[in-house]
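J.: Input my_file.cif, format and content: mmCIF, C-alpha atoms.
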data_structure
#
loop_
_atom_site.label_atom_id
_atom_site.label_comp_id
_atom_site.auth_asym_id
_atom_site.auth_seq_id
_atom_site.Cartn_x
_atom_site.Cartn_y
_atom_site.Cartn_z
CA MET C 1 -14.15 -9.66 13.98
CA GLY C 2 -14.68 -6.11 12.79
CA ASP C 3 -11.12 -5.47 11.56
CA ALA C 4 -10.20 -5.48 7.90
CA LEU C 5 -9.14 -8.87 6.50
CA ILE C 6 -6.40 -9.67 3.97
CA VAL C 7 -6.04 -12.76 1.76
CA THR C 8 -2.68 -13.98 0.49
CA ALA C 9 -1.39 -16.93 -1.51
CA LEU C 10 0.99 -19.28 0.28
CA LEU C 11 4.18 -19.96 -1.67
CA ASP C 12 6.35 -23.06 -1.42
CA ASP C 13 8.90 -22.97 1.41
CA GLU C 14 11.99 -22.41 -0.74
CA THR C 15 10.44 -19.46 -2.58
CA GLN C 16 9.04 -17.97 0.62
CA GLN C 17 12.42 -18.14 2.31
CA ARG C 18 14.09 -16.52 -0.69
CA PHE C 19 11.70 -13.55 -0.64
CA ASP C 20 11.89 -13.28 3.15
CA ARG C 21 15.68 -12.97 2.99
CA LEU C 22 15.44 -10.22 0.38
CA ARG C 23 12.77 -8.35 2.33
CA ARG C 24 14.73 -8.49 5.58
CA LYS C 25 17.83 -7.23 3.78
CA HIS C 26 16.27 -4.40 1.78
CA PHE C 27 13.07 -3.26 3.54
CA PRO C 28 13.41 -0.38 6.06
CA PRO C 29 13.53 -2.22 9.43
CA GLU C 30 11.18 0.23 11.16
CA ARG C 31 8.50 -0.50 8.56
CA ASN C 32 9.06 -4.22 8.15
CA HIS C 33 6.35 -5.77 10.33
CA LEU C 34 5.71 -8.66 7.93
CA ASP C 35 7.23 -11.56 6.05
CA ALA C 36 7.20 -11.36 2.26
CA HIS C 37 3.70 -11.96 0.91
CA LEU C 38 1.67 -12.36 -2.25
CA THR C 39 -1.50 -10.40 -1.57
CA LEU C 40 -4.68 -11.37 -3.42
CA PHE C 41 -7.15 -9.13 -1.53
CA HIS C 42 -6.06 -6.09 0.49
CA HIS C 43 -9.22 -5.14 2.37
CA LEU C 44 -12.22 -7.37 3.07
CA PRO C 45 -14.88 -6.62 5.70
CA GLY C 46 -14.11 -8.24 9.04
CA ASP C 47 -17.74 -8.84 9.85
CA ARG C 48 -17.93 -11.25 6.87
CA ALA C 49 -15.24 -13.50 8.35
CA ALA C 50 -17.41 -16.62 8.54
CA ALA C 51 -18.41 -16.36 4.88
CA ILE C 52 -14.84 -15.61 3.83
CA ALA C 53 -13.55 -18.67 5.70
CA GLU C 54 -16.17 -20.86 4.04
CA ASP C 55 -15.37 -19.56 0.57
CA LEU C 56 -11.61 -19.86 0.99
CA ALA C 57 -11.93 -23.45 2.12
CA ALA C 58 -14.19 -24.25 -0.84
CA VAL C 59 -12.12 -22.57 -3.55
CA ALA C 60 -8.85 -23.99 -2.17
CA GLY C 61 -10.47 -27.40 -2.13
CA ARG C 62 -11.19 -27.19 -5.86
CA ALA C 63 -7.48 -27.23 -6.65
CA THR C 64 -6.03 -30.71 -7.14
CA GLY C 65 -2.63 -29.61 -5.84
CA PRO C 66 -0.14 -26.75 -5.86
CA LEU C 67 -0.55 -24.19 -8.64
CA PRO C 68 2.41 -23.35 -10.91
CA VAL C 69 3.83 -19.84 -10.51
CA ARG C 70 6.45 -18.19 -12.71
CA ILE C 71 8.72 -15.51 -11.27
CA SER C 72 8.91 -13.53 -14.47
CA GLY C 73 10.51 -10.17 -13.76
CA LEU C 74 11.20 -7.20 -11.52
CA ARG C 75 9.21 -4.03 -10.94
CA PHE C 76 10.57 -0.62 -9.99
CA THR C 77 7.85 1.27 -8.10
CA GLY C 78 9.61 4.57 -7.65
CA ARG C 79 10.42 4.02 -4.00
CA GLY C 80 10.69 0.26 -3.93
CA VAL C 81 11.18 -2.99 -5.80
CA GLY C 82 9.03 -6.06 -6.28
CA TYR C 83 9.12 -9.36 -8.13
CA VAL C 84 6.48 -9.89 -10.81
CA LEU C 85 4.74 -13.27 -10.77
CA SER C 86 2.45 -14.94 -13.26
CA SER C 87 0.08 -17.83 -12.60
CA PRO C 88 -3.04 -18.40 -14.71
CA GLY C 89 -4.31 -20.90 -12.13
CA LEU C 90 -3.94 -18.47 -9.24
CA VAL C 91 -5.44 -15.62 -11.27
CA GLY C 92 -8.44 -17.80 -12.10
CA LEU C 93 -8.86 -18.79 -8.47
CA ARG C 94 -8.74 -15.14 -7.42
CA ALA C 95 -11.28 -14.24 -10.11
CA ALA C 96 -13.71 -16.83 -8.70
CA LEU C 97 -13.38 -15.29 -5.24
CA ALA C 98 -13.68 -11.75 -6.61
CA ALA C 99 -16.94 -12.66 -8.33
CA ARG C 100 -18.19 -14.26 -5.15
CA TRP C 101 -17.26 -11.21 -3.05
CA ASP C 102 -18.01 -8.51 -5.60
CA PRO C 103 -20.32 -6.43 -3.35
CA TRP C 104 -17.60 -6.27 -0.67
CA LEU C 105 -14.61 -5.24 -2.78
CA THR C 106 -12.79 -1.93 -2.43
CA PRO C 107 -11.74 -0.11 -5.63
CA GLN C 108 -8.16 -1.33 -5.04
CA ASP C 109 -9.25 -4.98 -4.88
CA ARG C 110 -11.70 -4.57 -7.76
CA ALA C 111 -8.91 -3.26 -9.97
CA LYS C 112 -6.22 -5.77 -8.98
CA GLY C 113 -7.06 -8.50 -11.49
CA SER C 114 -4.00 -10.43 -12.60
CA ASP C 115 -1.42 -8.22 -10.86
CA LEU C 116 0.64 -10.68 -8.83
CA HIS C 117 3.80 -9.43 -7.14
CA VAL C 118 5.92 -9.76 -4.01
CA THR C 119 7.41 -6.55 -2.62
CA VAL C 120 10.92 -6.82 -1.19
CA GLN C 121 11.56 -3.10 -0.72
CA ASN C 122 9.31 -0.06 -0.22
CA LYS C 123 9.36 3.52 1.09
CA VAL C 124 13.04 4.18 0.45
CA GLU C 125 14.60 7.06 -1.48
CA PRO C 126 14.18 6.68 -5.26
CA ASP C 127 17.92 6.41 -5.91
CA VAL C 128 18.19 3.58 -3.36
CA ALA C 129 15.27 1.75 -4.97
CA ARG C 130 16.67 2.25 -8.45
CA ALA C 131 20.05 0.90 -7.39
CA LEU C 132 18.49 -2.25 -5.94
CA HIS C 133 16.30 -2.72 -9.01
CA ASP C 134 19.32 -2.47 -11.29
CA GLU C 135 21.32 -4.85 -9.07
CA LEU C 136 18.59 -7.49 -8.94
CA ARG C 137 17.78 -7.12 -12.63
CA ALA C 138 21.42 -7.69 -13.60
CA GLU C 139 21.39 -11.11 -11.94
CA PHE C 140 17.73 -12.01 -12.55
CA VAL C 141 16.86 -15.34 -14.18
CA PRO C 142 13.18 -16.32 -14.56
CA SER C 143 12.27 -19.24 -12.33
CA THR C 144 9.35 -21.35 -11.25
CA ALA C 145 7.60 -21.77 -7.93
CA THR C 146 4.29 -23.04 -6.63
CA ALA C 147 1.36 -21.61 -4.72
CA VAL C 148 0.42 -24.22 -2.13
CA GLY C 149 -2.64 -22.65 -0.51
CA LEU C 150 -4.38 -19.54 0.78
CA ALA C 151 -4.05 -17.65 4.05
CA TRP C 152 -6.09 -14.90 5.60
CA TRP C 153 -5.13 -12.30 8.14
CA ARG C 154 -6.56 -9.63 10.39
CA TYR C 155 -4.99 -6.21 9.89
CA LEU C 156 -3.75 -4.70 13.18
CA ASP C 157 -2.84 -1.17 12.08
CA GLY C 158 0.62 -2.34 11.02
CA PRO C 159 1.26 -6.02 11.82
CA TRP C 160 -1.06 -8.77 10.59
CA GLU C 161 -2.57 -11.50 12.78
CA ALA C 162 -2.88 -14.93 11.16
CA VAL C 163 -6.48 -16.16 11.12
CA GLY C 164 -6.51 -19.26 8.92
CA ARG C 165 -4.79 -21.29 6.19
CA HIS C 166 -6.27 -23.48 3.47
CA VAL C 167 -3.97 -25.90 1.63
CA PHE C 168 -4.91 -26.69 -1.96
CA GLY C 169 -6.65 -30.06 -2.29
CA ALA C 170 -9.94 -31.71 -3.16
CA GLY C 171 -13.24 -30.04 -2.27
CA GLU C 172 -16.39 -28.31 -3.48
CA GLU C 173 -16.81 -25.64 -6.13
CA ILE C 174 -18.18 -22.16 -5.50
CA SER C 175 -19.52 -19.69 -8.06
CA GLY C 176 -21.35 -16.39 -8.27
CA PRO C 177 -21.97 -13.63 -5.71
CA ARG C 178 -22.97 -14.71 -2.24
CA ALA C 179 -26.69 -14.60 -1.60
CA ASP C 180 -26.11 -12.75 1.68
CA ALA C 181 -23.77 -10.19 0.16
CA GLY C 182 -24.46 -6.53 0.70
CA PRO C 183 -22.56 -3.28 0.52
CA ALA C 184 -19.28 -3.62 2.39
CA PRO C 185 -19.53 -1.67 5.65
CA ARG C 186 -16.72 0.59 6.78
CA THR C 187 -14.44 -1.27 9.16
CA SER C 188 -11.54 -0.19 11.32
CA GLY C 189 -9.36 -0.30 8.16
CA THR C 190 -9.74 3.43 7.47
CA GLY C 191 -8.12 5.29 4.60
CA ARG C 192 -5.10 5.84 6.86
CA ALA C 193 -4.88 2.12 7.55
CA ARG C 194 -5.17 1.29 3.86
CA ARG C 195 -2.33 3.69 3.12
CA ARG C 196 -0.20 1.92 5.71
CA ARG C 197 -0.95 -1.46 4.11
CA ARG C 198 0.17 -0.09 0.73
CA GLU C 199 3.36 1.24 2.34
CA GLN C 200 4.12 -2.25 3.66
CA GLY C 201 3.76 -3.82 0.22
#
Take the structure in the file and write it out as structure tokens.
T.:
Amino acid sequence: MGDALIVTALLDDETQQRFDRLRRKHFPPERNHLDAHLTLFHHLPGDRAAAIAEDLAAVAGRATGPLPVRISGLRFTGRGVGYVLSSPGLVGLRAALAARWDPWLTPQDRAKGSDLHVTVQNKVEPDVARALHDELRAEFVPSTATAVGLAWWRYLDGPWEAVGRHVFGAGEEISGPRADAGPAPRTSGTGRARRRRREQG
């Protein structure tokens, strides 16, 4: 598995369906290869897949159940719109994985921190994005959701291929960088591929 890997948080069904509907309605169809998603890591080395699977299972197992998430606002990105989410539990879980995977992280993943969002529109003209932002903001009411697990994916130069899912539940704790960690090798997720992932939200 040499392709770049992506890690997302799984949202409860009702919230996922809500964001999917918005993405299908407002995302340019020719660019919309994906369902709505809450990305935690954008680019992990594919040749570390076994270690990543082990760590995801362990950190998901530490959670005693779904993690609370607050849908707290909207974000205008210039050429798109996203929903801003907050979840101390999910941010802490991501921080544990980031520490574990520190030698593998790209600058984008190293800088992500507590930035949680779901993109429902991207790569449209600025006036179109601004209009949608204003429309959604006018009717926006903060709400709650839950993160129910973690998923990881193989990037296929556009679409993503599902690799595994880990539902939150009981399990072992992990901490600290992996003993076998080394500098992240270049994978097939080139700079061009990373740009495409950013375009997809």
J.: Do you know which residues are at most 9 Å from segment 57-69 of chain C counting only C-alpha atoms, after dropping those on the same chain fewer than 6 positions away, and could you put them as an NGL selection string?
T.: :C and (11-12 or 85-90 or 93 or 96-97 or 143-150 or 165-174)
J.: Report, in Å with one decimal, the straight-line distance from atom CA of Arg23 of chain C to atom CA of Val141 of chain C.
T.: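 Value for the atom CA of Arg23 of chain C-atom CA of Val141 of chain C distance: 18.4 Å.
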J.: Would you mind telling me which residue in C:His26, C:Asp20, C:Gly158, C:Val118 lies nearest to Gly73 of chain C when using only C-alpha atoms?
T.: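 For Gly73 of chain C, the nearest of the given residues is C:Val118.
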J.: Given the choices C:Leu156, C:Ala99, C:Ala138, C:Leu116, which gets closest to Leu38 of chain C if the distance is worked out from all atoms listed in the file?
T.: C:Leu116
J.: Which is closest to Leu105 of chain C among C:Phe41, C:Phe27, C:Phe19, C:Phe76, if we use only C-alpha atoms?
T.: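 Checking each candidate against Leu105 of chain C, we get C:Phe41 as the closest.
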J.: Check the smallest atom-to-atom distance from each of C:His43, C:Arg137, C:Arg75, C:Arg70 to Ala4 of chain C using all atoms listed in the file, then report the winner.
T.: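 Closest residue, counting all atoms listed in the file: C:His43.
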J.: Which residues of segment 67-86 of chain C have any atom within 8 Å of an atom in segment 124-135 of chain C when counting only C-alpha atoms, and what is the closest pair of atoms for each, with the distance in Å to one decimal? Order the rows by chain and rising number and write it as a tab-separated table.
T.:
residue	atom	partner	partner_atom	distance
C:Leu74	CA	C:His133	CA	7.2
C:Arg75	CA	C:His133	CA	7.5
C:Phe76	CA	C:His133	CA	6.2
C:Gly78	CA	C:Pro126	CA	5.6
C:Arg79	CA	C:Pro126	CA	4.8
C:Gly80	CA	C:Ala129	CA	4.9
C:Val81	CA	C:His133	CA	6.0
J.: Looking at C:His117, C:His42, C:Arg100, C:Arg94, which one is nearest to Leu5 of chain C, with distances taken over all atoms listed in the file?
T.: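 Going through C:His117, C:His42, C:Arg100, C:Arg94 one by one, the smallest distance to Leu5 of chain C is for C:His42.
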J.: Where does the PyMOL selection byres ((chain C and resi 36) around 10) land in this file, that is, which residues does it pick, as a PyMOL selection string?
T.: chain C and resi 11+15-24+32-35+37-39+118-121+200-201
J.: Which residues are near Leu40 of chain C? Cut-off 7 Å, only C-alpha atoms, ignore same chain within fewer than 3 positions. Put them as number ranges by chain.
T.: C: 7-9, 94
J.: Taking into account all atoms listed in the file, which residue in the set C:Ala162, C:Arg110, C:Trp152, C:Glu14 is nearest to Glu54 of chain C?
T.: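 Ranked by minimum distance to Glu54 of chain C, first place goes to C:Trp152.
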J.: Kindly give the distance, in Å, that separates atom CA of Asp157 of chain C and atom CA of Trp104 of chain C, rounded to a single decimal.
T.: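 Calculated distance between atom CA of Asp157 of chain C and atom CA of Trp104 of chain C is 20.2 Å.
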J.: Provide segment 128-161 of chain C rebuilt to N, CA and C atoms, formatted as a compact mmCIF listing (two decimals), keeping the file's coordinate frame.
T.:
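In the end it all went to part_1.txt:
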# COMPACT_ATOMS: atom_id res chain seq x y z
N VAL C 128 17.92 4.86 -4.02
CA VAL C 128 18.19 3.58 -3.36
C VAL C 128 17.39 2.47 -4.03
N ALA C 129 16.11 2.74 -4.30
CA ALA C 129 15.27 1.75 -4.97
C ALA C 129 15.77 1.45 -6.37
N ARG C 130 16.16 2.47 -7.09
CA ARG C 130 16.67 2.25 -8.45
C ARG C 130 17.94 1.41 -8.44
N ALA C 131 18.81 1.67 -7.48
CA ALA C 131 20.05 0.90 -7.39
C ALA C 131 19.76 -0.57 -7.12
N LEU C 132 18.82 -0.85 -6.21
CA LEU C 132 18.49 -2.25 -5.94
C LEU C 132 17.84 -2.89 -7.15
N HIS C 133 16.94 -2.17 -7.81
CA HIS C 133 16.30 -2.72 -9.01
C HIS C 133 17.34 -3.09 -10.05
N ASP C 134 18.30 -2.20 -10.28
CA ASP C 134 19.32 -2.47 -11.29
C ASP C 134 20.19 -3.65 -10.87
N GLU C 135 20.51 -3.73 -9.56
CA GLU C 135 21.32 -4.85 -9.07
C GLU C 135 20.60 -6.18 -9.24
N LEU C 136 19.34 -6.23 -8.84
CA LEU C 136 18.59 -7.49 -8.94
C LEU C 136 18.30 -7.85 -10.39
N ARG C 137 18.06 -6.85 -11.22
CA ARG C 137 17.78 -7.12 -12.63
C ARG C 137 19.01 -7.69 -13.33
N ALA C 138 20.19 -7.22 -12.95
CA ALA C 138 21.42 -7.69 -13.60
C ALA C 138 21.65 -9.18 -13.39
N GLU C 139 21.17 -9.70 -12.25
CA GLU C 139 21.39 -11.11 -11.94
C GLU C 139 20.12 -11.95 -12.07
N PHE C 140 19.02 -11.31 -12.55
CA PHE C 140 17.73 -12.01 -12.55
C PHE C 140 17.68 -13.09 -13.64
N VAL C 141 17.17 -14.25 -13.25
CA VAL C 141 16.86 -15.34 -14.18
C VAL C 141 15.44 -15.80 -13.86
N PRO C 142 14.53 -15.83 -14.84
CA PRO C 142 13.18 -16.32 -14.56
C PRO C 142 13.22 -17.71 -13.93
N SER C 143 12.28 -17.96 -13.02
CA SER C 143 12.27 -19.24 -12.33
C SER C 143 10.83 -19.64 -12.03
N THR C 144 10.68 -20.84 -11.55
CA THR C 144 9.35 -21.35 -11.25
C THR C 144 9.19 -21.58 -9.76
N ALA C 145 7.95 -21.53 -9.32
CA ALA C 145 7.60 -21.77 -7.93
C ALA C 145 6.22 -22.39 -7.92
N THR C 146 5.66 -22.56 -6.74
CA THR C 146 4.29 -23.04 -6.63
C THR C 146 3.56 -22.27 -5.55
N ALA C 147 2.26 -22.09 -5.77
CA ALA C 147 1.36 -21.61 -4.72
C ALA C 147 0.71 -22.84 -4.10
N VAL C 148 0.84 -22.98 -2.79
CA VAL C 148 0.42 -24.22 -2.13
C VAL C 148 -0.87 -24.06 -1.33
N GLY C 149 -1.40 -22.85 -1.26
CA GLY C 149 -2.64 -22.65 -0.51
C GLY C 149 -2.95 -21.18 -0.37
N LEU C 150 -3.92 -20.89 0.50
CA LEU C 150 -4.38 -19.54 0.78
C LEU C 150 -4.30 -19.29 2.28
N ALA C 151 -4.04 -18.05 2.64
CA ALA C 151 -4.05 -17.65 4.05
C ALA C 151 -4.84 -16.37 4.18
N TRP C 152 -5.42 -16.17 5.36
CA TRP C 152 -6.09 -14.90 5.60
C TRP C 152 -5.71 -14.37 6.96
N TRP C 153 -5.77 -13.03 7.06
CA TRP C 153 -5.13 -12.30 8.14
C TRP C 153 -6.04 -11.17 8.61
N ARG C 154 -5.90 -10.82 9.86
CA ARG C 154 -6.56 -9.63 10.39
C ARG C 154 -5.54 -8.51 10.46
N TYR C 155 -5.89 -7.35 9.90
CA TYR C 155 -4.99 -6.21 9.89
C TYR C 155 -5.03 -5.50 11.24
N LEU C 156 -3.85 -5.29 11.84
CA LEU C 156 -3.75 -4.70 13.18
C LEU C 156 -3.03 -3.36 13.14
N ASP C 157 -3.40 -2.52 12.18
CA ASP C 157 -2.84 -1.17 12.08
C ASP C 157 -1.32 -1.22 11.99
N GLY C 158 -0.82 -2.14 11.20
CA GLY C 158 0.62 -2.34 11.02
C GLY C 158 0.91 -3.81 10.84
N PRO C 159 1.09 -4.57 11.93
CA PRO C 159 1.26 -6.02 11.82
C PRO C 159 -0.04 -6.70 11.35
N TRP C 160 0.10 -7.95 10.92
CA TRP C 160 -1.06 -8.77 10.59
C TRP C 160 -1.13 -9.93 11.58
N GLU C 161 -2.35 -10.32 11.93
CA GLU C 161 -2.57 -11.50 12.78
C GLU C 161 -3.11 -12.63 11.92
